[in-house]
>>> print(open('protein.cif').read())   # mmCIF, C-alpha atoms
data_input
#
loop_
_atom_site.label_atom_id
_atom_site.label_comp_id
_atom_site.auth_asym_id
_atom_site.auth_seq_id
_atom_site.Cartn_x
_atom_site.Cartn_y
_atom_site.Cartn_z
CA MET A 1 -1.79 6.87 5.64
CA SER A 2 -2.13 10.04 7.65
CA PRO A 3 -0.18 9.96 10.92
CA THR A 4 -3.41 10.83 12.71
CA ALA A 5 -5.31 7.90 11.26
CA GLY A 6 -5.52 4.71 13.26
CA PRO A 7 -3.79 1.62 11.89
CA GLY A 8 -6.31 -0.45 10.02
CA GLU A 9 -8.31 2.51 8.71
CA ALA A 10 -8.91 3.15 5.00
CA ARG A 11 -7.07 0.07 3.73
CA ARG A 12 -9.64 -1.66 1.59
CA GLY A 13 -8.39 -2.25 -1.92
CA ARG A 14 -4.71 -1.58 -1.27
CA ALA A 15 -1.68 -3.24 0.25
CA VAL A 16 -0.91 -2.70 3.92
CA THR A 17 2.72 -1.62 4.24
CA ALA A 18 5.33 -1.53 6.97
CA CYS A 19 8.83 -0.18 7.47
CA LEU A 20 11.41 -1.51 9.92
CA LEU A 21 14.05 0.72 11.50
CA ILE A 22 16.96 -1.26 12.93
CA ILE A 23 18.69 1.15 15.30
CA GLY A 24 22.19 0.64 16.63
CA ASN A 25 25.82 1.49 16.04
CA GLU A 26 26.70 -2.12 16.88
CA ILE A 27 24.73 -3.34 13.84
CA LEU A 28 26.41 -0.88 11.49
CA SER A 29 29.89 -1.70 12.81
CA GLY A 30 29.37 -5.41 12.25
CA ARG A 31 29.93 -6.33 15.92
CA THR A 32 26.35 -7.54 16.15
CA GLN A 33 24.45 -9.33 13.40
CA ASP A 34 20.77 -8.47 13.10
CA LYS A 35 18.49 -11.45 13.69
CA ASN A 36 15.18 -9.61 13.83
CA LEU A 37 14.47 -8.78 10.21
CA ALA A 38 13.51 -12.27 9.05
CA TYR A 39 11.26 -12.86 12.06
CA ILE A 40 9.41 -9.57 11.66
CA GLY A 41 9.13 -9.94 7.89
CA GLN A 42 7.63 -13.41 8.10
CA GLY A 43 5.35 -12.46 10.97
CA LEU A 44 4.01 -9.45 9.12
CA ASN A 45 3.54 -11.42 5.92
CA ASP A 46 1.44 -13.97 7.79
CA LEU A 47 -0.79 -11.08 8.84
CA GLY A 48 -1.10 -9.71 5.31
CA ILE A 49 1.25 -6.78 5.93
CA ARG A 50 4.02 -6.09 3.42
CA LEU A 51 7.38 -5.16 4.88
CA THR A 52 8.47 -3.00 1.97
CA GLU A 53 11.42 -1.12 3.43
CA VAL A 54 14.12 -1.67 6.06
CA ARG A 55 16.67 0.89 7.21
CA VAL A 56 19.65 0.41 9.51
CA ILE A 57 20.49 3.68 11.26
CA PRO A 58 22.93 4.79 13.97
CA ASP A 59 22.31 5.88 17.54
CA VAL A 60 22.25 9.53 16.47
CA GLU A 61 19.30 11.62 17.62
CA ALA A 62 18.90 13.74 14.51
CA VAL A 63 19.04 10.70 12.23
CA ILE A 64 16.51 8.74 14.26
CA VAL A 65 14.08 11.66 14.59
CA ASP A 66 14.25 12.66 10.92
CA THR A 67 13.97 9.09 9.67
CA LEU A 68 11.08 8.29 11.97
CA ASN A 69 9.16 11.39 10.93
CA GLU A 70 9.66 10.47 7.27
CA VAL A 71 8.62 6.83 7.44
CA ARG A 72 5.71 7.12 9.87
CA ARG A 73 3.93 9.28 7.31
CA GLY A 74 4.72 6.96 4.42
CA PHE A 75 3.81 3.55 5.83
CA ASP A 76 0.85 2.05 7.62
CA TYR A 77 3.11 0.65 10.31
CA VAL A 78 6.62 1.42 11.51
CA PHE A 79 8.57 -0.93 13.77
CA THR A 80 11.82 -0.07 15.51
CA THR A 81 14.30 -2.40 17.20
CA GLY A 82 17.08 -1.41 19.56
CA GLY A 83 17.96 1.45 21.85
CA ILE A 84 15.47 1.07 24.72
CA GLY A 85 17.81 -0.39 27.34
CA PRO A 86 19.15 1.13 30.60
CA THR A 87 22.32 2.89 29.40
CA HIS A 88 23.06 6.41 28.25
CA ASP A 89 23.31 5.41 24.59
CA ASP A 90 19.81 3.91 24.58
CA ILE A 91 18.11 6.98 23.10
CA THR A 92 15.28 5.55 21.01
CA ALA A 93 12.54 6.49 23.51
CA ASP A 94 13.89 10.06 23.66
CA CYS A 95 13.92 10.28 19.87
CA VAL A 96 10.39 8.92 19.43
CA ALA A 97 9.10 11.47 21.92
CA LYS A 98 10.90 14.25 20.07
CA ALA A 99 9.61 13.07 16.69
CA PHE A 100 6.01 13.22 17.92
CA GLY A 101 6.51 16.40 19.92
CA LEU A 102 5.57 14.68 23.17
CA PRO A 103 7.15 14.88 26.63
CA LEU A 104 9.14 11.85 27.73
CA THR A 105 7.99 10.68 31.15
CA VAL A 106 8.29 7.69 33.45
CA ASN A 107 5.22 5.65 32.57
CA PRO A 108 3.47 4.73 35.85
CA ARG A 109 2.40 1.31 34.61
CA ALA A 110 5.85 0.54 33.24
CA ARG A 111 7.38 1.57 36.54
CA ALA A 112 5.00 -0.71 38.42
CA ILE A 113 5.95 -3.63 36.14
CA LEU A 114 9.65 -3.10 36.81
CA ALA A 115 9.11 -2.57 40.53
CA ALA A 116 7.31 -5.90 40.74
CA HIS A 117 10.05 -7.61 38.74
CA TYR A 118 13.14 -6.48 40.62
CA PRO A 119 13.85 -7.20 44.30
CA ALA A 120 13.19 -4.37 46.72
CA GLY A 121 15.75 -1.60 46.36
CA GLU A 122 17.07 -2.81 42.99
CA LEU A 123 14.99 -0.58 40.72
CA THR A 124 17.94 1.69 40.03
CA GLU A 125 17.92 4.94 38.07
CA ALA A 126 19.47 3.08 35.15
CA ARG A 127 16.71 0.48 35.16
CA LEU A 128 14.10 3.17 35.57
CA ARG A 129 15.18 4.53 32.19
CA MET A 130 13.42 1.50 30.71
CA ALA A 131 10.11 2.77 32.10
CA ARG A 132 10.28 6.02 30.11
CA THR A 133 7.82 6.47 27.25
CA PRO A 134 6.37 9.39 25.31
CA GLU A 135 3.34 10.71 27.15
CA GLY A 136 0.20 8.73 26.27
CA ALA A 137 2.08 5.78 24.78
CA THR A 138 0.57 2.29 24.92
CA LEU A 139 2.84 -0.35 26.43
CA ILE A 140 3.96 -3.50 24.59
CA GLU A 141 4.20 -6.47 26.93
CA ASN A 142 7.60 -8.10 27.45
CA PRO A 143 7.14 -11.51 29.10
CA VAL A 144 10.89 -12.28 28.87
CA SER A 145 12.61 -9.49 30.82
CA LYS A 146 9.54 -7.40 31.73
CA ALA A 147 10.84 -3.98 30.55
CA PRO A 148 8.09 -3.07 28.08
CA GLY A 149 8.20 -1.66 24.60
CA PHE A 150 5.65 0.94 23.57
CA ARG A 151 3.48 2.21 20.78
CA VAL A 152 2.70 5.76 19.67
CA GLU A 153 0.12 5.96 16.86
CA ASN A 154 1.43 3.69 14.08
CA VAL A 155 4.96 3.36 15.53
CA PHE A 156 5.88 0.26 17.56
CA VAL A 157 9.11 0.44 19.56
CA MET A 158 10.73 -2.86 20.51
CA ALA A 159 13.94 -4.17 22.03
CA GLY A 160 16.89 -5.25 19.89
CA ILE A 161 17.63 -8.52 21.73
CA PRO A 162 16.04 -11.16 19.47
CA ALA A 163 14.33 -13.22 22.18
CA VAL A 164 12.83 -10.10 23.73
CA MET A 165 11.86 -8.59 20.37
CA GLN A 166 10.11 -11.80 19.36
CA ALA A 167 8.15 -11.89 22.60
CA MET A 168 7.15 -8.25 22.14
CA PHE A 169 6.07 -8.86 18.57
CA GLU A 170 3.92 -11.79 19.64
CA SER A 171 2.37 -9.52 22.27
CA LEU A 172 1.46 -6.77 19.83
CA LYS A 173 0.54 -8.58 16.64
CA HIS A 174 -3.11 -9.02 17.66
CA SER A 175 -3.48 -5.25 17.29
CA LEU A 176 -2.28 -5.19 13.68
CA VAL A 177 -4.76 -5.07 10.82
CA GLY A 178 -3.54 -6.47 7.53
CA GLY A 179 -4.78 -7.52 4.15
CA LYS A 180 -4.38 -10.78 2.28
CA PRO A 181 -1.17 -12.67 3.10
CA LEU A 182 1.47 -12.79 0.38
CA ARG A 183 1.72 -16.36 -0.91
CA SER A 184 4.66 -17.79 -2.79
CA ARG A 185 5.63 -20.74 -4.96
CA THR A 186 9.18 -21.76 -5.77
CA VAL A 187 10.53 -23.94 -8.58
CA LYS A 188 14.14 -25.08 -8.85
CA VAL A 189 15.82 -25.72 -12.20
CA GLU A 190 19.35 -26.88 -12.94
CA MET A 191 19.85 -24.14 -15.49
CA GLY A 192 21.54 -20.75 -15.28
CA GLU A 193 19.60 -17.50 -15.06
CA SER A 194 20.70 -16.34 -18.49
CA PHE A 195 18.99 -19.34 -20.13
CA VAL A 196 15.61 -18.59 -18.56
CA ALA A 197 15.79 -14.79 -18.61
CA ALA A 198 13.82 -14.15 -21.82
CA GLY A 199 11.10 -16.67 -21.03
CA LEU A 200 10.85 -15.43 -17.47
CA ALA A 201 10.36 -11.87 -18.67
CA ALA A 202 7.55 -13.04 -20.95
CA VAL A 203 5.81 -14.81 -18.05
CA GLN A 204 6.15 -11.67 -15.96
CA ASP A 205 4.66 -9.53 -18.74
CA GLY A 206 1.71 -11.91 -18.96
CA HIS A 207 1.09 -11.87 -15.21
CA PRO A 208 1.74 -8.32 -13.95
CA GLY A 209 -0.08 -9.00 -10.68
CA VAL A 210 2.49 -11.62 -9.66
CA GLU A 211 6.00 -10.76 -8.46
CA ILE A 212 8.56 -13.04 -10.10
CA GLY A 213 12.19 -13.23 -9.05
CA SER A 214 15.16 -15.45 -9.94
CA TYR A 215 17.90 -16.48 -7.52
CA PRO A 216 20.97 -18.47 -8.66
CA PHE A 217 22.46 -21.21 -6.51
CA ASN A 218 25.51 -23.45 -6.45
CA ARG A 219 25.28 -26.54 -4.28
CA GLU A 220 28.03 -29.15 -4.37
CA GLY A 221 28.99 -28.11 -7.87
CA VAL A 222 25.43 -28.09 -9.20
CA PHE A 223 24.48 -24.73 -10.68
CA GLY A 224 20.88 -23.69 -11.05
CA THR A 225 18.21 -21.12 -10.44
CA ARG A 226 15.30 -20.81 -8.04
CA LEU A 227 12.33 -19.01 -9.52
CA VAL A 228 9.97 -17.52 -6.96
CA LEU A 229 6.43 -16.28 -7.63
CA ARG A 230 4.58 -14.14 -5.09
CA SER A 231 1.01 -12.85 -5.01
CA THR A 232 -1.87 -12.28 -2.63
CA GLU A 233 -4.25 -13.83 -5.17
CA GLU A 234 -4.20 -17.62 -5.32
CA GLY A 235 -5.80 -17.73 -8.78
CA GLU A 236 -3.24 -15.41 -10.32
CA LEU A 237 -0.44 -17.31 -8.60
CA ALA A 238 -1.66 -20.63 -10.00
CA GLN A 239 -1.94 -19.23 -13.52
CA ALA A 240 1.56 -17.77 -13.38
CA ALA A 241 2.95 -21.05 -12.03
CA ALA A 242 1.37 -22.96 -14.92
CA ALA A 243 2.80 -20.49 -17.44
CA LEU A 244 6.24 -20.72 -15.85
CA ASP A 245 6.08 -24.50 -15.86
CA ALA A 246 5.17 -24.53 -19.56
CA MET A 247 8.00 -22.13 -20.33
CA LEU A 248 10.53 -24.37 -18.59
CA LEU A 249 9.25 -27.49 -20.35
CA GLY A 250 9.60 -25.61 -23.63
CA LEU A 251 13.28 -25.12 -22.78
CA GLY A 252 13.62 -28.83 -22.21
CA VAL A 253 13.94 -28.69 -18.45
CA GLU A 254 11.50 -29.90 -15.81
CA GLY A 255 11.49 -27.76 -12.70
CA VAL A 256 11.13 -29.13 -9.18
CA TRP A 257 8.45 -27.30 -7.21
CA GLU A 258 9.71 -26.98 -3.66
CA GLU A 259 6.83 -25.71 -1.57
CA GLY A 260 4.69 -28.86 -1.37
CA PRO A 261 2.17 -30.68 -3.61
CA GLU A 262 -0.47 -27.97 -3.29
CA ASN A 263 1.87 -25.44 -4.88
CA ALA A 264 2.80 -27.32 -8.03
CA PRO A 265 0.90 -26.54 -11.24
CA PRO A 266 -1.95 -28.91 -12.18
CA GLY A 267 -0.66 -32.33 -13.28
CA ARG A 268 2.74 -31.86 -11.68
CA GLN A 269 4.30 -33.19 -8.50
CA SER A 270 6.62 -31.28 -6.22
CA ALA A 271 9.61 -32.30 -4.14
#
>>> encode(input="protein.cif", output="structure tokens")
Amino acid sequence: MSPTAGPGEARRGRAVTACLLIIGNEILSGRTQDKNLAYIGQGLNDLGIRLTEVRVIPDVEAVIVDTLNEVRRGFDYVFTTGGIGPTHDDITADCVAKAFGLPLTVNPRARAILAAHYPAGELTEARLRMARTPEGATLIENPVSKAPGFRVENVFVMAGIPAVMQAMFESLKHSLVGGKPLRSRTVKVEMGESFVAAGLAAVQDGHPGVEIGSYPFNREGVFGTRLVLRSTEEGELAQAAAALDAMLLGLGVEGVWEEGPENAPPGRQSA
């Protein structure tokens, strides 16, 4: 999508894609574990938006600017987490402004929000940093700690603190335009991947519109494989599930469909 096009334009007949940039030296060092990816991925999927790429990058201006300029032209939506707090190393707002070639200013509405939140005289220069946005940016509401995120074109800039990020995402998701949600069905078999590999490949070849993946597990000494089918088309998903079920029965194993009765192939029950 062109960076000048509005999100939601010219999407008929194709997948709507998103990229997540997780920004922060603390993530890369291992001091902090990211807890935002799963929430954003599931939330976008529910809206029919495919999170197809995630990058974890440091608090380095050149890296943030270059990465942002690359991905905002390649995806319908770009989401960033981290780096919009009150300290000197919170440079995400500066980098977004530089990437778009916009001046970074104290947003009057953001300032008013912070002024109303803090007691008189406590809106310090450090806290005022959280009111800075690229000129013309749209604010993203933050009902938790009030300091807003912001949006410029197809880029949505959010906090890294999970509770705040989640609140921001819930505030902005009404503005996102997606396609059909990606549905999935999962079957568990007590059989190693190598035993189902050939049959699984044949099912995949027969149903190219369905993504099929295998994931081994070991629980309390029981080895097995979870086979996951994903598609936006319910009919194709059902056909692939039936073919997979028949393949497993042909190997002499009966899979357990995990996602509920509506997701098992016709004539089968699920766990």
>>> atom_distance(input="protein.cif", atom1="atom CA of A:Arg230", atom2="atom CA of A:Ala198")
19.1 Å
>>> residues_around(input="protein.cif", residues="stretch 125-132 of chain A", least_positions_apart="2", cutoff="9 Å", atoms="all atoms listed in the file", output="PyMOL selection string")
chain A and resi 84-88+90+93-94+104-114+122-123+134-135+147-149
>>> atom_distance(input="protein.cif", atom1="atom CA of A:Gly250", atom2="atom CA of A:Leu229")
18.8 Å
>>> resolve_selection(input="protein.cif", expression="the PyMOL selection byres ((chain A and resi 75) around 7)", output="list in words")
Met1, Thr17, Ala18, Cys19, Val71, Arg72, Arg73, Gly74, Asp76, Tyr77 and Val78 of chain A
>>> residues_around(input="protein.cif", residues="A:Thr67", least_positions_apart="4", cutoff="9 Å", atoms="only C-alpha atoms", output="tab-separated table (two decimals) with C-alpha atoms, in the frame of the given file")
chain	number	residue	atom	x	y	z
A	21	LEU	CA	14.05	0.72	11.50
A	55	ARG	CA	16.67	0.89	7.21
A	57	ILE	CA	20.49	3.68	11.26
A	62	ALA	CA	18.90	13.74	14.51
A	63	VAL	CA	19.04	10.70	12.23
A	71	VAL	CA	8.62	6.83	7.44
A	72	ARG	CA	5.71	7.12	9.87
>>> closest_residue(input="protein.cif", among="A:Gly179, A:Pro143, A:Gly206, A:Gly136", to="A:Glu236", atoms="all atoms listed in the file")
A:Gly206
>>> atom_distance(input="protein.cif", atom1="atom CA of A:Val256", atom2="atom CA of A:Asp205")
22.7 Å
>>> resolve_selection(input="protein.cif", expression="the PyMOL selection byres ((chain A and resi 80) around 9)", output="list in words")
Cys19, Leu20, Leu21, Ile22, Ile23, Val78, Phe79, Thr81, Gly82, Gly83, Thr92, Val155, Phe156, Val157, Met158, Ala159 and Gly160 of chain A
>>> residues_around(input="protein.cif", residues="stretch 164-171 of chain A", least_positions_apart="2", cutoff="6 Å", atoms="all atoms listed in the file", output="compact mmCIF listing (two decimals) with C-alpha atoms, keeping the file's coordinate frame")
# COMPACT_ATOMS: atom_id res chain seq x y z
CA GLU A 141 4.20 -6.47 26.93
CA ASN A 142 7.60 -8.10 27.45
CA VAL A 144 10.89 -12.28 28.87
CA MET A 158 10.73 -2.86 20.51
CA ALA A 159 13.94 -4.17 22.03
CA ILE A 161 17.63 -8.52 21.73
CA PRO A 162 16.04 -11.16 19.47
CA LYS A 173 0.54 -8.58 16.64
>>> resolve_selection(input="protein.cif", expression="the PyMOL selection byres ((chain A and resi 33) around 12)", output="list in words")
Ile22, Gly24, Asn25, Glu26, Ile27, Leu28, Ser29, Gly30, Arg31, Thr32, Asp34, Lys35, Asn36, Leu37, Val56, Gly160, Ile161 and Pro162 of chain A
>>> closest_atom_pairs(input="protein.cif", of="stretch 20-128 of chain A", to="stretch 181-197 of chain A", cutoff="7 Å", atoms="only C-alpha atoms", output="JSON lines")
{"residue": "A:Asn45", "atom": "CA", "partner": "A:Pro181", "partner_atom": "CA", "distance": 5.6}
{"residue": "A:Asp46", "atom": "CA", "partner": "A:Pro181", "partner_atom": "CA", "distance": 5.5}
{"residue": "A:Leu47", "atom": "CA", "partner": "A:Pro181", "partner_atom": "CA", "distance": 6.0}
{"residue": "A:Gly48", "atom": "CA", "partner": "A:Pro181", "partner_atom": "CA", "distance": 3.7}
{"residue": "A:Ile49", "atom": "CA", "partner": "A:Pro181", "partner_atom": "CA", "distance": 7.0}
>>> write_last_selection(input="protein.cif", atoms="C-alpha atoms", output="PDB file, keeping the file's coordinate frame")
ATOM      1  CA  ASN A  45       3.540 -11.420   5.920  1.00  0.00           C
ATOM      2  CA  ASP A  46       1.440 -13.970   7.790  1.00  0.00           C
ATOM      3  CA  LEU A  47      -0.790 -11.080   8.840  1.00  0.00           C
ATOM      4  CA  GLY A  48      -1.100  -9.710   5.310  1.00  0.00           C
ATOM      5  CA  ILE A  49       1.250  -6.780   5.930  1.00  0.00           C
TER       6      ILE A  49
END
>>> residues_around(input="protein.cif", residues="A:Ala243", least_positions_apart="3", cutoff="9 Å", atoms="all atoms listed in the file", output="mmCIF file with C-alpha atoms, keeping the file's coordinate frame")
data_model
loop_
_atom_site.group_PDB
_atom_site.id
_atom_site.type_symbol
_atom_site.label_atom_id
_atom_site.label_comp_id
_atom_site.auth_asym_id
_atom_site.auth_seq_id
_atom_site.Cartn_x
_atom_site.Cartn_y
_atom_site.Cartn_z
ATOM 1 C CA VAL A 203 5.810 -14.810 -18.050
ATOM 2 C CA GLY A 206 1.710 -11.910 -18.960
ATOM 3 C CA ALA A 238 -1.660 -20.630 -10.000
ATOM 4 C CA GLN A 239 -1.940 -19.230 -13.520
ATOM 5 C CA ALA A 240 1.560 -17.770 -13.380
ATOM 6 C CA ALA A 246 5.170 -24.530 -19.560
ATOM 7 C CA MET A 247 8.000 -22.130 -20.330
ATOM 8 C CA LEU A 248 10.530 -24.370 -18.590
ATOM 9 C CA PRO A 265 0.900 -26.540 -11.240
#
>>> residues_around(input="protein.cif", residues="A:Asp66", least_positions_apart="6", cutoff="10 Å", atoms="all atoms listed in the file", output="PyMOL selection string")
chain A and resi 95+98-99
>>> closest_residue(input="protein.cif", among="A:Gly235, A:Val16, A:Thr225, A:Arg219", to="A:Val253", atoms="all atoms listed in the file")
A:Thr225
>>> closest_residue(input="protein.cif", among="A:Thr133, A:Asp59, A:Ser214, A:Lys146", to="A:Ala115", atoms="only C-alpha atoms")
A:Lys146
>>> build_atoms(input="protein.cif", residues="stretch 187-209 of chain A", atoms="N, CA and C atoms", output="mmCIF file, keeping the file's coordinate frame")
data_model
loop_
_atom_site.group_PDB
_atom_site.id
_atom_site.type_symbol
_atom_site.label_atom_id
_atom_site.label_comp_id
_atom_site.auth_asym_id
_atom_site.auth_seq_id
_atom_site.Cartn_x
_atom_site.Cartn_y
_atom_site.Cartn_z
ATOM 1 N N VAL A 187 10.123 -22.811 -7.737
ATOM 2 C CA VAL A 187 10.530 -23.940 -8.580
ATOM 3 C C VAL A 187 12.037 -23.860 -8.777
ATOM 4 N N LYS A 188 12.684 -24.998 -8.690
ATOM 5 C CA LYS A 188 14.140 -25.080 -8.850
ATOM 6 C C LYS A 188 14.466 -25.743 -10.175
ATOM 7 N N VAL A 189 15.377 -25.138 -10.929
ATOM 8 C CA VAL A 189 15.820 -25.720 -12.200
ATOM 9 C C VAL A 189 17.337 -25.740 -12.217
ATOM 10 N N GLU A 190 17.900 -26.791 -12.802
ATOM 11 C CA GLU A 190 19.350 -26.880 -12.940
ATOM 12 C C GLU A 190 19.747 -26.242 -14.264
ATOM 13 N N MET A 191 19.584 -24.934 -14.289
ATOM 14 C CA MET A 191 19.850 -24.140 -15.490
ATOM 15 C C MET A 191 20.181 -22.721 -15.017
ATOM 16 N N GLY A 192 21.154 -22.096 -15.656
ATOM 17 C CA GLY A 192 21.540 -20.750 -15.280
ATOM 18 C C GLY A 192 20.491 -19.710 -15.584
ATOM 19 N N GLU A 193 20.568 -18.580 -14.879
ATOM 20 C CA GLU A 193 19.600 -17.500 -15.060
ATOM 21 C C GLU A 193 19.532 -17.002 -16.497
ATOM 22 N N SER A 194 20.674 -16.914 -17.143
ATOM 23 C CA SER A 194 20.700 -16.340 -18.490
ATOM 24 C C SER A 194 19.868 -17.160 -19.475
ATOM 25 N N PHE A 195 19.746 -18.476 -19.225
ATOM 26 C CA PHE A 195 18.990 -19.340 -20.130
ATOM 27 C C PHE A 195 17.482 -19.182 -19.971
ATOM 28 N N VAL A 196 17.052 -18.738 -18.796
ATOM 29 C CA VAL A 196 15.610 -18.590 -18.560
ATOM 30 C C VAL A 196 15.164 -17.141 -18.596
ATOM 31 N N ALA A 197 16.091 -16.209 -18.753
ATOM 32 C CA ALA A 197 15.790 -14.790 -18.610
ATOM 33 C C ALA A 197 14.683 -14.321 -19.556
ATOM 34 N N ALA A 198 14.799 -14.636 -20.845
ATOM 35 C CA ALA A 198 13.820 -14.150 -21.820
ATOM 36 C C ALA A 198 12.434 -14.737 -21.540
ATOM 37 N N GLY A 199 12.376 -16.044 -21.309
ATOM 38 C CA GLY A 199 11.100 -16.670 -21.030
ATOM 39 C C GLY A 199 10.483 -16.167 -19.734
ATOM 40 N N LEU A 200 11.335 -15.927 -18.750
ATOM 41 C CA LEU A 200 10.850 -15.430 -17.470
ATOM 42 C C LEU A 200 10.246 -14.033 -17.617
ATOM 43 N N ALA A 201 10.887 -13.214 -18.426
ATOM 44 C CA ALA A 201 10.360 -11.870 -18.670
ATOM 45 C C ALA A 201 8.998 -11.944 -19.351
ATOM 46 N N ALA A 202 8.835 -12.895 -20.263
ATOM 47 C CA ALA A 202 7.550 -13.040 -20.950
ATOM 48 C C ALA A 202 6.454 -13.483 -19.973
ATOM 49 N N VAL A 203 6.792 -14.392 -19.059
ATOM 50 C CA VAL A 203 5.810 -14.810 -18.050
ATOM 51 C C VAL A 203 5.442 -13.632 -17.165
ATOM 52 N N GLN A 204 6.435 -12.835 -16.787
ATOM 53 C CA GLN A 204 6.150 -11.670 -15.960
ATOM 54 C C GLN A 204 5.239 -10.684 -16.684
ATOM 55 N N ASP A 205 5.495 -10.452 -17.961
ATOM 56 C CA ASP A 205 4.660 -9.530 -18.740
ATOM 57 C C ASP A 205 3.218 -10.027 -18.809
ATOM 58 N N GLY A 206 3.048 -11.346 -18.868
ATOM 59 C CA GLY A 206 1.710 -11.910 -18.960
ATOM 60 C C GLY A 206 0.976 -11.987 -17.653
ATOM 61 N N HIS A 207 1.700 -11.770 -16.544
ATOM 62 C CA HIS A 207 1.090 -11.870 -15.210
ATOM 63 C C HIS A 207 1.611 -10.726 -14.334
ATOM 64 N N PRO A 208 1.205 -9.483 -14.667
ATOM 65 C CA PRO A 208 1.740 -8.320 -13.950
ATOM 66 C C PRO A 208 1.362 -8.275 -12.475
ATOM 67 N N GLY A 209 0.335 -9.002 -12.074
ATOM 68 C CA GLY A 209 -0.080 -9.000 -10.680
ATOM 69 C C GLY A 209 0.719 -9.946 -9.803
#
